[in-house]
Amino acid sequence: QFGWVTMSLLTQDNINECFFCNSTTQLHPCDHCENIQSCEKHLHIHRPSNTCLPFRILFQEGVGRCVVAARDILAGEMVIEDKAAMIGPACRERVCLECLAPISEETRCHICGLPLCCEGPRHHLECQIMKGWKVGSNLSLYIAVCIIRGLAADSDTQELVDGLMDHLDER
């Protein structure tokens, strides 16, 4: 019913590295599988729930960081789960800054006056910073909100974003 996919690019050189950051110091093997080693900081990423993720991250010259299989992967198997580094509106329509649902002009935060129809964890920071903001266009407002949220990301999230390939050399 299911086929197997084998895509392992692992070599003896990268077996003794953290599966995520390629560090070679203070490595710990996964207690549940024999496929990876990890530094203390990244071991929780390899096993976010009850299953070890089937990949590791390698750096390849000219390509950057890439995900490769660390074991055979069953067709239909969950390979990766991810969460957004930052969530914000990316449209011209007026939307709630918390849930991103379309809202009317009159629906706004009673503290800062920004578009908001519900309470949640994202709006708190920009509410304090943007009190009195004179909304010109929805787009300029949303860009400002995204910048604030991006700058407020925790250090672990900032480190992950910094590890993304930027393609600036290609421009």
# chains A, B, ... in the order shown; residues from 1 in each chain; ligands from 1
>>> closest_atom_pairs(of="stretch 96-165 of chain A", to="stretch 44-60 of chain A", cutoff="12 Å", atoms="only C-alpha atoms", output="CSV")
residue,atom,partner,partner_atom,distance
A:Asp156,CA,A:Ile45,CA,11.8
A:Leu160,CA,A:Ile45,CA,11.9
A:Gly163,CA,A:Phe59,CA,10.7
A:Leu164,CA,A:Phe59,CA,11.3
A:Met165,CA,A:Phe59,CA,10.7
>>> residues_around(residues="stretch 139-153 of chain A", least_positions_apart="3", cutoff="12 Å", atoms="only C-alpha atoms", output="PyMOL selection string")
chain A and resi 84-98+100+113-115+121-130+133-136+156-162
>>> write_last_selection(atoms="N, CA, C and O atoms", output="short mmCIF file (atom, residue, chain, number, x, y, z; two decimals), in the first residue's frame")
data_model
loop_
_atom_site.label_atom_id
_atom_site.label_comp_id
_atom_site.auth_asym_id
_atom_site.auth_seq_id
_atom_site.Cartn_x
_atom_site.Cartn_y
_atom_site.Cartn_z
N ALA A 84 5.07 29.47 12.15
CA ALA A 84 5.50 30.73 11.54
C ALA A 84 6.40 31.50 12.50
O ALA A 84 6.16 31.53 13.71
N ALA A 85 7.43 32.13 11.96
CA ALA A 85 8.30 32.98 12.77
C ALA A 85 7.56 34.24 13.20
O ALA A 85 7.78 34.77 14.28
N MET A 86 6.65 34.70 12.36
CA MET A 86 5.86 35.90 12.65
C MET A 86 4.59 35.83 11.81
O MET A 86 4.64 35.40 10.67
N ILE A 87 3.48 36.23 12.38
CA ILE A 87 2.21 36.24 11.66
C ILE A 87 1.73 37.67 11.58
O ILE A 87 1.69 38.39 12.58
N GLY A 88 1.38 38.09 10.37
CA GLY A 88 0.88 39.45 10.18
C GLY A 88 0.09 39.54 8.90
O GLY A 88 0.18 38.67 8.03
N PRO A 89 -0.69 40.60 8.75
CA PRO A 89 -1.51 40.77 7.55
C PRO A 89 -0.66 41.11 6.33
O PRO A 89 0.33 41.82 6.42
N ALA A 90 -1.06 40.57 5.18
CA ALA A 90 -0.37 40.85 3.93
C ALA A 90 -1.42 41.09 2.85
O ALA A 90 -1.51 40.36 1.87
N CYS A 91 -2.24 42.10 3.05
CA CYS A 91 -3.32 42.40 2.10
C CYS A 91 -3.65 43.88 2.17
O CYS A 91 -3.14 44.60 3.01
N ARG A 92 -4.50 44.34 1.28
CA ARG A 92 -4.92 45.74 1.28
C ARG A 92 -6.27 45.93 1.99
O ARG A 92 -6.62 47.02 2.38
N GLU A 93 -7.02 44.84 2.14
CA GLU A 93 -8.31 44.92 2.80
C GLU A 93 -8.11 45.12 4.30
O GLU A 93 -7.11 44.74 4.86
N ARG A 94 -9.10 45.71 4.93
CA ARG A 94 -9.04 45.92 6.38
C ARG A 94 -9.32 44.60 7.08
O ARG A 94 -10.37 44.00 6.90
N VAL A 95 -8.36 44.14 7.90
CA VAL A 95 -8.50 42.89 8.62
C VAL A 95 -8.12 43.09 10.08
O VAL A 95 -7.40 44.03 10.43
N CYS A 96 -8.60 42.21 10.93
CA CYS A 96 -8.24 42.21 12.34
C CYS A 96 -6.77 41.85 12.47
O CYS A 96 -6.30 40.90 11.84
N LEU A 97 -6.02 42.60 13.28
CA LEU A 97 -4.59 42.34 13.45
C LEU A 97 -4.32 41.07 14.26
O LEU A 97 -3.20 40.58 14.27
N GLU A 98 -5.31 40.53 14.90
CA GLU A 98 -5.13 39.31 15.70
C GLU A 98 -5.50 38.06 14.90
O GLU A 98 -4.70 37.15 14.76
N LEU A 100 -6.89 38.07 11.63
CA LEU A 100 -6.78 38.35 10.20
C LEU A 100 -8.09 38.20 9.44
O LEU A 100 -8.11 38.13 8.22
N GLY A 113 -6.93 51.95 18.83
CA GLY A 113 -7.68 52.34 17.64
C GLY A 113 -7.33 51.55 16.39
O GLY A 113 -7.87 51.81 15.32
N LEU A 114 -6.41 50.58 16.50
CA LEU A 114 -6.05 49.77 15.33
C LEU A 114 -7.12 48.73 15.07
O LEU A 114 -7.89 48.38 15.96
N PRO A 115 -7.20 48.20 13.83
CA PRO A 115 -8.24 47.22 13.49
C PRO A 115 -8.11 45.95 14.33
O PRO A 115 -7.08 45.28 14.30
N PRO A 121 -2.73 36.88 21.64
CA PRO A 121 -1.36 37.16 22.05
C PRO A 121 -0.57 38.10 21.14
O PRO A 121 0.43 38.67 21.55
N ARG A 122 -1.00 38.29 19.90
CA ARG A 122 -0.17 39.04 18.95
C ARG A 122 -0.30 40.55 19.06
O ARG A 122 0.65 41.28 18.81
N HIS A 123 -1.46 41.07 19.38
CA HIS A 123 -1.72 42.50 19.29
C HIS A 123 -1.14 43.32 20.44
O HIS A 123 -0.92 44.52 20.30
N HIS A 124 -0.81 42.72 21.54
CA HIS A 124 -0.40 43.45 22.74
C HIS A 124 0.76 44.42 22.50
O HIS A 124 0.69 45.58 22.88
N LEU A 125 1.82 43.97 21.84
CA LEU A 125 3.00 44.81 21.65
C LEU A 125 2.72 46.01 20.74
O LEU A 125 3.00 47.15 21.10
N GLU A 126 2.14 45.76 19.57
CA GLU A 126 1.90 46.91 18.68
C GLU A 126 0.84 47.85 19.24
O GLU A 126 0.84 49.04 18.94
N CYS A 127 -0.05 47.37 20.09
CA CYS A 127 -1.06 48.21 20.72
C CYS A 127 -0.37 49.29 21.55
O CYS A 127 -0.74 50.47 21.48
N GLN A 128 0.64 48.91 22.32
CA GLN A 128 1.36 49.88 23.15
C GLN A 128 2.21 50.84 22.31
O GLN A 128 2.27 52.02 22.58
N ILE A 129 2.86 50.31 21.29
CA ILE A 129 3.78 51.11 20.48
C ILE A 129 3.04 52.05 19.54
O ILE A 129 3.47 53.18 19.30
N MET A 130 1.89 51.62 19.01
CA MET A 130 1.22 52.37 17.95
C MET A 130 -0.01 53.15 18.42
O MET A 130 -0.84 53.54 17.61
N TRP A 133 -1.57 56.11 16.29
CA TRP A 133 -1.16 55.96 14.89
C TRP A 133 -2.24 56.52 13.98
O TRP A 133 -3.41 56.23 14.12
N LYS A 134 -1.85 57.37 13.08
CA LYS A 134 -2.78 57.94 12.09
C LYS A 134 -2.79 57.00 10.88
O LYS A 134 -1.85 56.99 10.10
N VAL A 135 -3.83 56.20 10.78
CA VAL A 135 -3.90 55.20 9.71
C VAL A 135 -4.10 55.90 8.37
O VAL A 135 -5.10 56.56 8.15
N GLY A 136 -3.08 55.77 7.50
CA GLY A 136 -3.18 56.31 6.15
C GLY A 136 -3.79 55.26 5.25
O GLY A 136 -4.89 55.39 4.76
N ASP A 156 15.54 32.60 19.87
CA ASP A 156 15.55 31.33 19.14
C ASP A 156 14.94 31.50 17.75
O ASP A 156 15.47 30.98 16.76
N THR A 157 13.85 32.24 17.65
CA THR A 157 13.22 32.49 16.35
C THR A 157 14.14 33.34 15.49
O THR A 157 14.31 33.06 14.29
N GLN A 158 14.77 34.36 16.05
CA GLN A 158 15.70 35.19 15.29
C GLN A 158 16.86 34.36 14.75
O GLN A 158 17.28 34.54 13.60
N GLU A 159 17.36 33.43 15.55
CA GLU A 159 18.46 32.56 15.09
C GLU A 159 18.02 31.71 13.91
O GLU A 159 18.76 31.53 12.94
N LEU A 160 16.81 31.16 13.97
CA LEU A 160 16.30 30.35 12.87
C LEU A 160 16.12 31.17 11.60
O LEU A 160 16.48 30.74 10.50
N VAL A 161 15.59 32.38 11.73
CA VAL A 161 15.40 33.26 10.57
C VAL A 161 16.76 33.64 9.99
O VAL A 161 16.94 33.66 8.77
N ASP A 162 17.72 33.94 10.85
CA ASP A 162 19.07 34.30 10.37
C ASP A 162 19.72 33.16 9.60
O ASP A 162 20.56 33.40 8.74
#
>>> atom_distance(atom1="atom CA of A:Ala101", atom2="atom CA of A:Glu81")
24.2 Å
>>> residues_around(residues="stretch 30-32 of chain A", least_positions_apart="3", cutoff="8 Å", atoms="only C-alpha atoms", output="JSON list (two decimals) with C-alpha atoms, in the first residue's frame")
[["chain", "number", "residue", "atom", "x", "y", "z"],
["A", 35, "ASN", "CA", 19.71, 8.28, 13.18],
["A", 36, "ILE", "CA", 20.95, 11.57, 14.59],
["A", 37, "GLN", "CA", 23.05, 13.32, 17.15],
["A", 38, "SER", "CA", 22.20, 16.75, 18.46],
["A", 43, "LEU", "CA", 17.41, 17.87, 20.58],
["A", 52, "CYS", "CA", 11.51, 11.28, 15.66]]
>>> select_by_dssp(residues="chain A", states="helix (DSSP H, G or I)", output="PDB file with C-alpha atoms, in the first residue's frame")
ATOM      1  CA  GLN A  12      30.676   9.688   7.921  1.00  0.00           C
ATOM      2  CA  ASP A  13      31.716  13.373   8.020  1.00  0.00           C
ATOM      3  CA  ASN A  14      28.265  14.664   8.976  1.00  0.00           C
ATOM      4  CA  ILE A  15      27.110  11.774  11.199  1.00  0.00           C
ATOM      5  CA  LEU A  43      17.414  17.866  20.575  1.00  0.00           C
ATOM      6  CA  HIS A  44      13.781  18.897  21.227  1.00  0.00           C
ATOM      7  CA  ILE A  45      13.354  19.839  17.547  1.00  0.00           C
ATOM      8  CA  HIS A  46      14.165  16.286  16.411  1.00  0.00           C
ATOM      9  CA  HIS A 123      -1.718  42.500  19.288  1.00  0.00           C
ATOM     10  CA  HIS A 124      -0.396  43.446  22.742  1.00  0.00           C
ATOM     11  CA  LEU A 125       3.002  44.808  21.646  1.00  0.00           C
ATOM     12  CA  GLU A 126       1.895  46.908  18.677  1.00  0.00           C
ATOM     13  CA  CYS A 127      -1.055  48.207  20.722  1.00  0.00           C
ATOM     14  CA  GLN A 128       1.361  49.885  23.150  1.00  0.00           C
ATOM     15  CA  ILE A 129       3.777  51.110  20.478  1.00  0.00           C
ATOM     16  CA  ASN A 138      -4.122  49.549   5.482  1.00  0.00           C
ATOM     17  CA  LEU A 139      -0.937  48.490   3.691  1.00  0.00           C
ATOM     18  CA  SER A 140       1.339  50.974   5.508  1.00  0.00           C
ATOM     19  CA  LEU A 141      -0.268  49.997   8.822  1.00  0.00           C
ATOM     20  CA  TYR A 142       0.242  46.287   8.149  1.00  0.00           C
ATOM     21  CA  ILE A 143       3.888  46.811   7.156  1.00  0.00           C
ATOM     22  CA  ALA A 144       4.514  48.671  10.431  1.00  0.00           C
ATOM     23  CA  VAL A 145       2.800  45.918  12.453  1.00  0.00           C
ATOM     24  CA  CYS A 146       4.859  43.209  10.726  1.00  0.00           C
ATOM     25  CA  ILE A 147       8.098  45.108  11.402  1.00  0.00           C
ATOM     26  CA  ILE A 148       7.226  45.439  15.105  1.00  0.00           C
ATOM     27  CA  ARG A 149       6.324  41.758  15.361  1.00  0.00           C
ATOM     28  CA  GLY A 150       9.473  40.709  13.505  1.00  0.00           C
ATOM     29  CA  LEU A 151      11.718  42.806  15.728  1.00  0.00           C
ATOM     30  CA  SER A 155      16.188  34.954  20.195  1.00  0.00           C
ATOM     31  CA  ASP A 156      15.546  31.326  19.139  1.00  0.00           C
ATOM     32  CA  THR A 157      13.222  32.490  16.355  1.00  0.00           C
ATOM     33  CA  GLN A 158      15.699  35.193  15.288  1.00  0.00           C
ATOM     34  CA  GLU A 159      18.459  32.565  15.093  1.00  0.00           C
ATOM     35  CA  LEU A 160      16.296  30.345  12.869  1.00  0.00           C
ATOM     36  CA  VAL A 161      15.403  33.256  10.573  1.00  0.00           C
ATOM     37  CA  ASP A 162      19.069  34.298  10.372  1.00  0.00           C
ATOM     38  CA  LEU A 168      21.464  38.523  -1.894  1.00  0.00           C
ATOM     39  CA  ASP A 169      24.461  37.359  -3.950  1.00  0.00           C
ATOM     40  CA  GLU A 170      22.123  36.584  -6.859  1.00  0.00           C
TER      41      GLU A 170
END
>>> atom_distance(atom1="atom CA of A:Thr24", atom2="atom CA of A:Lys83")
26.6 Å
>>> atom_distance(atom1="atom CA of A:Gln26", atom2="atom CA of A:Glu40")
7.3 Å
>>> closest_residue(among="A:Cys21, A:Cys39, A:Cys118, A:Cys112", to="A:Cys66", atoms="only C-alpha atoms")
A:Cys21
>>> closest_residue(among="A:Leu74, A:Leu27, A:Val79, A:Cys117", to="A:His42", atoms="only C-alpha atoms")
A:Leu27
>>> closest_residue(among="A:Pro29, A:Glu119, A:Ile103, A:Ser137", to="A:Asn16", atoms="only C-alpha atoms")
A:Pro29
